There are 2 protein chains.
Amino acid sequence: VEPSLAASVTPDGLDAAQRAGRGEMAPEDLRATLHAAVDVVADYLAGLDELPVLPRVAPGELTVMLDGPPPIQPEPMAAILEDARRLVVPNVTHWQHPGFLAYFASSGSAAGIAGEILMAGLISNAMLWRTSPVATELEAITVRWLREGLGLPDDYDGLYTDTASTSTLVALGAAREATAAGASRVGLAQGRRLRIYASEEAHSSIDKAAMTLGIGREGVRRVGTDEVLAMRPDALRAAISEDRSAGWLPAGVVATVGTTSSTAIDPVAEIADICAREDLWLHVDAAYAGVVALVPARRAAFRGWERADSIVVNPHKWLFTPLDCSLLLTRRMPVLRDAFSLVPEYLRTTGGAGSGRDYNEYIPQLGRRARAIKMWLILRYFGLPGLASRIEEHIAMAQELGSRIDAEPDAERLAPSPFSTVCFRWRPAALASRAGEPAVAVLLDELNERLLARLNESGEVFLSHTRLRGLFTIRVSVGNLRTERRHLERLWDLVREHGRDLSTGIT
Amino acid sequence: VEPSLAASVTPDGLDAAQRAGRGEMAPEDLRATLHAAVDVVADYLAGLDELPVLPRVAPGELTVMLDGPPPIQPEPMAAILEDARRLVVPNVTHWQHPGFLAYFASSGSAAGIAGEILMAGLISNAMLWRTSPVATELEAITVRWLREGLGLPDDYDGLYTDTASTSTLVALGAAREATAAGASRVGLAQGRRLRIYASEEAHSSIDKAAMTLGIGREGVRRVGTDEVLAMRPDALRAAISEDRSAGWLPAGVVATVGTTSSTAIDPVAEIADICAREDLWLHVDAAYAGVVALVPARRAAFRGWERADSIVVNPHKWLFTPLDCSLLLTRRMPVLRDAFSLVPEYLRTTGGAGSGRDYNEYIPQLGRRARAIKMWLILRYFGLPGLASRIEEHIAMAQELGSRIDAEPDAERLAPSPFSTVCFRWRPAALASRAGEPAVAVLLDELNERLLARLNESGEVFLSHTRLRGLFTIRVSVGNLRTERRHLERLWDLVREHGRDLSTGIT
């Protein structure tokens, strides 16, 4: 492989600052550079359909193309951007591709990208009011706009973090502090072992938070689920009771609305009753599905979440916001501050939400990107009903796919689809009555693994998988701003074509 | 105040996607939107000199201008960007202003902003190799380029995190795991109280990490400093010995090269000796000053850091990288993984550094921005010597300011200036011999507080302050790509003018 890094470099392409080894490029060079970078992005987004969703590379192949000794000579910006176009752009996994239906979407809108451009140009660190007054006050404003849009009462305040992992860590850090008062000061070594409860289907970020917080992975107890993969309140009650008898100190419960595997919905209202009775912190993980509450007619799925101590909803998943932005809402901001503030009480400012507030006091990090700026652009560009209608559209597309599966004798859904995610497998009709036999079960798992591999190799779509009650399950999640009905129709054609082909001779 | 949000909105300005309430704007609208956002940024950066570094607003004033009910109608992108220009841009604290000499710089280069534009357009989540092959492999490559540039041996591997707070949290999480094996699994409740050591001058992120990790703030023991504000190794040895006798379990030491207050340098080599003898994790906080090691002639300040278990250096401080990017280097990646990975050992991939690696296994977060993309642009645009020469230039400017202070009978330096940060106060010559008298000390503190207020009110500069040995200290930190000699000359003129004016009648 030709060493590509130096291919297009000539001394002539350098700007004056590069030649002098001093300062920043001239204003007009800067403007041209940023416009050129935008053209890379705009060309990319306009041509997504032509790319395979998963780049066709194996681990290490890109290193062969990109590696070399550390750069010594400055290189012309035009050459670097040309290399970016050629080597970087095609070799990301194309989350923005309309056929990206894996995991949960992380779909960026033009409004959100424009917001990131402003953030990158201003680089305003929103750690203190003083270090970014407008980002601080916009954070309070846009958090309130979102809270109102989600239909949550006005005792919820909140802030942005980088990821749902951090939001959940902050929530469980507050639960830790609320249960073992003074933990942030004296640590956990002298206390009883804390326990956090979450369903078997809940996200691994809960385990990660417990590891980080010194609670430990064993401090997370997984609670059994019912036939629709929702947490069983009776099992939760029994677990808490058993743990109390055994000397554990229950600290909090994470209820999920929209689990990662199958988007199951825990019974939040019943769990809230238990938390109230047991005096436990209730954190609701709605990182993916929470935005559905922007559609008033769909709020039934969230019944009870208005009683949670904290809720996480990720704009960078299904709200057309570039990575990163996670919204943490809470009715107990002062407890977050007890858990994470280094400012002694007598030095704390007393201003209302947002004005003069120093948001770093509520989280593990000091430095903070000014995420409120992009949220302000996104909310104004779409308007709340505009966001809701796009979410409705995605749900409708997923429901249509679900109906096709239900109407297909050779396929079956493996879980309800309350939101925009469909779990299914190809199961030839001839095997329907024998699907429970161990040998047939293995056969079907293999068939669907091969089906998934073929679909992903097509380059037209990227789906992920999970296991539901032990069965290999193909998972389609809609949430990309660019996904249209035709993409799901094409997906279904591919599923049937390959499903039938792979079934030949099996039945 | 006129409600500004709706001022420039007309139905005509909406694009087709907004009118339909579906999907993303058309490719050519997207391109125009992003170019318009770039022009906001380019105009801003070209006109920085005209702005007061600190926006002239009080807490809550911006809320009056920006607040309103949640957006319902979509608004034309042009109107939103016009509002951004008018209401947002002037009201950030202008970290990019050449007169921003407060805290430590966070200075974005065109190359770095171009990198952020690519990151925002691609939105490639670098949590797994599979979800972003090129960002994963570029992370290994650019981390190695930086490591080589810093002159560190090849047993250092590493990764990017969002902030130094997170890098230090990860390092101390690894120290926790190395000392109390299994802590991430079983938690800390059953164990002995852990202790982390850092100097009295070390950064609050260490306390924050201890709070988050369940070690507790009291688990951080502050060690005394010498006359140049560096950690005293004898005091460290005594503290460890005393703690062991009292039942504490020492876990790690944080040595700082370039403290936040005065950029003091702890004696890393001697501290490394102690850590080796005591079997303690050594973490070096070089978040600000670490980049100085890109200048080979200046590596003496870092003597011994090549023996650290982990080192943090922040590109988003003094390496012309937009927020956020913190580099965590470590010789013990497997311990980070023990502390933060949820993947059982038997499922871990065995590929070499970078190729196929899933970086989320080493940190608290799952989702990760593809920061390697911007680092790749920055390193190639500047080249390592180009970065080094700009850092040298900043050090030279700071040294020149220091010399002016030394030559000024009415001012004095309050700490050595080993890097690009100068600590001083105005002290009329007539008071020099009486500066130790309590009444004079109070007078000088007040004088310098008023001097700082006047300088910051000028709008031409923004400085911060600290207290060194109880004395109110004005602090000038150079690190902005746009700061030139003339800005520091102007600063010195302002200091003398206001210093003399405020001294009138005092002496």
# chains A, B, ... in the order shown; residues from 1 in each chain; ligands from 1
call {"tool": "residues_around", "arguments": {"residues": "stretch 464-473 of chain A", "least_positions_apart": "4", "cutoff": "7 Å", "atoms": "only C-alpha atoms", "output": "ChimeraX atom specification"}}
result
/A:102-103,261,423-425,445,448
call {"tool": "residues_around", "arguments": {"residues": "stretch 37-42 of chain B", "least_positions_apart": "3", "cutoff": "9 Å", "atoms": "only C-alpha atoms", "output": "VMD selection string"}}
result
(chain A and resid 27 to 28 30 to 31 34 to 35 38 114 to 115 117 to 118 120 to 122) or (chain B and resid 32 to 34 45 to 47 81 to 82 84 to 85 89)
call {"tool": "atom_distance", "arguments": {"atom1": "atom CA of B:Ile378", "atom2": "atom CA of B:His394"}}
result
18.1 Å
call {"tool": "closest_residue", "arguments": {"among": "B:Met25, B:Ala287, B:Ala209, B:Ala439", "to": "A:Ala339", "atoms": "only C-alpha atoms"}}
result
B:Ala209
call {"tool": "select_by_dssp", "arguments": {"residues": "stretch 147-259 of chain B", "states": "strand (DSSP E)", "output": "MDAnalysis selection string"}}
result
chainID B and resid 157:161 194:199 220:223 249:256
call {"tool": "residues_around", "arguments": {"residues": "stretch 61-74 of chain A", "least_positions_apart": "3", "cutoff": "6 Å", "atoms": "only C-alpha atoms", "output": "ChimeraX atom specification"}}
result
/A:58 /B:137,145,380-384
call {"tool": "atom_distance", "arguments": {"atom1": "atom CA of B:Ala164", "atom2": "atom CA of A:Ser132"}}
result
19.0 Å
call {"tool": "closest_residue", "arguments": {"among": "A:Arg192, A:Leu366, A:Ser262, A:Leu146", "to": "B:Leu169", "atoms": "only C-alpha atoms"}}
result
A:Leu366
call {"tool": "residues_around", "arguments": {"residues": "A:Glu201", "least_positions_apart": "5", "cutoff": "12 Å", "atoms": "only C-alpha atoms", "output": "ChimeraX atom specification"}}
result
/A:206,221-226,228-232,254-266,285,466-469
call {"tool": "write_last_selection", "arguments": {"atoms": "N, CA and C atoms", "output": "compact mmCIF listing (two decimals), in the first residue's frame"}}
result
# COMPACT_ATOMS: atom_id res chain seq x y z
N ILE A 206 -26.19 0.53 33.75
CA ILE A 206 -26.49 0.48 35.19
C ILE A 206 -25.37 -0.27 35.93
N ARG A 221 -28.89 -5.83 41.40
CA ARG A 221 -29.65 -7.08 41.38
C ARG A 221 -30.65 -7.02 40.23
N ARG A 222 -30.58 -8.04 39.40
CA ARG A 222 -31.46 -8.12 38.24
C ARG A 222 -32.78 -8.78 38.64
N VAL A 223 -33.87 -8.15 38.29
CA VAL A 223 -35.20 -8.61 38.68
C VAL A 223 -35.85 -9.28 37.47
N GLY A 224 -36.57 -10.35 37.73
CA GLY A 224 -37.19 -11.12 36.65
C GLY A 224 -38.26 -10.34 35.89
N THR A 225 -38.55 -10.81 34.67
CA THR A 225 -39.51 -10.13 33.80
C THR A 225 -40.67 -11.05 33.47
N ASP A 226 -41.75 -10.44 32.98
CA ASP A 226 -42.95 -11.21 32.63
C ASP A 226 -42.93 -11.58 31.14
N VAL A 228 -44.02 -10.16 28.57
CA VAL A 228 -43.66 -9.10 27.61
C VAL A 228 -42.33 -8.46 27.98
N LEU A 229 -41.54 -9.14 28.79
CA LEU A 229 -40.18 -8.71 29.14
C LEU A 229 -40.14 -7.45 30.00
N ALA A 230 -41.24 -7.21 30.73
CA ALA A 230 -41.31 -6.08 31.66
C ALA A 230 -41.00 -6.57 33.07
N MET A 231 -40.42 -5.68 33.86
CA MET A 231 -40.08 -6.05 35.24
C MET A 231 -41.33 -6.49 36.00
N ARG A 232 -41.20 -7.55 36.80
CA ARG A 232 -42.32 -8.04 37.61
C ARG A 232 -42.27 -7.35 38.98
N VAL A 254 -33.99 1.12 38.99
CA VAL A 254 -34.02 1.67 37.64
C VAL A 254 -35.14 0.98 36.88
N ALA A 255 -36.15 1.74 36.51
CA ALA A 255 -37.22 1.22 35.66
C ALA A 255 -36.94 1.68 34.24
N THR A 256 -37.14 0.79 33.28
CA THR A 256 -36.83 1.13 31.89
C THR A 256 -38.12 1.27 31.09
N VAL A 257 -38.22 2.35 30.36
CA VAL A 257 -39.30 2.48 29.38
C VAL A 257 -38.63 2.39 28.01
N GLY A 258 -38.70 1.19 27.44
CA GLY A 258 -38.02 0.96 26.16
C GLY A 258 -36.66 0.32 26.35
N THR A 259 -36.66 -0.96 26.72
CA THR A 259 -35.38 -1.63 26.94
C THR A 259 -34.61 -1.76 25.63
N THR A 260 -33.31 -2.00 25.74
CA THR A 260 -32.46 -2.02 24.55
C THR A 260 -32.76 -3.20 23.65
N SER A 261 -32.99 -4.37 24.25
CA SER A 261 -33.23 -5.55 23.42
C SER A 261 -34.54 -5.47 22.66
N SER A 262 -35.62 -5.22 23.39
CA SER A 262 -36.94 -5.36 22.77
C SER A 262 -37.83 -4.15 22.99
N THR A 263 -37.32 -3.10 23.58
CA THR A 263 -38.08 -1.88 23.93
C THR A 263 -39.28 -2.20 24.82
N ALA A 264 -39.09 -3.14 25.74
CA ALA A 264 -40.12 -3.46 26.72
C ALA A 264 -40.30 -2.29 27.69
N ILE A 265 -41.48 -2.25 28.31
CA ILE A 265 -41.86 -1.15 29.19
C ILE A 265 -42.11 -1.70 30.59
N ASP A 266 -41.25 -1.30 31.52
CA ASP A 266 -41.49 -1.70 32.91
C ASP A 266 -42.72 -0.97 33.45
N ASP A 285 -35.03 4.93 33.04
CA ASP A 285 -34.19 4.91 31.85
C ASP A 285 -35.10 4.93 30.62
N THR A 466 -30.42 -9.65 18.96
CA THR A 466 -30.42 -9.88 20.40
C THR A 466 -30.89 -11.31 20.62
N ARG A 467 -30.92 -11.71 21.87
CA ARG A 467 -31.55 -13.00 22.19
C ARG A 467 -32.72 -12.72 23.11
N LEU A 468 -33.88 -13.18 22.73
CA LEU A 468 -35.07 -13.04 23.58
C LEU A 468 -35.51 -14.43 23.99
N ARG A 469 -35.56 -14.67 25.27
CA ARG A 469 -35.85 -16.01 25.81
C ARG A 469 -35.01 -17.08 25.12
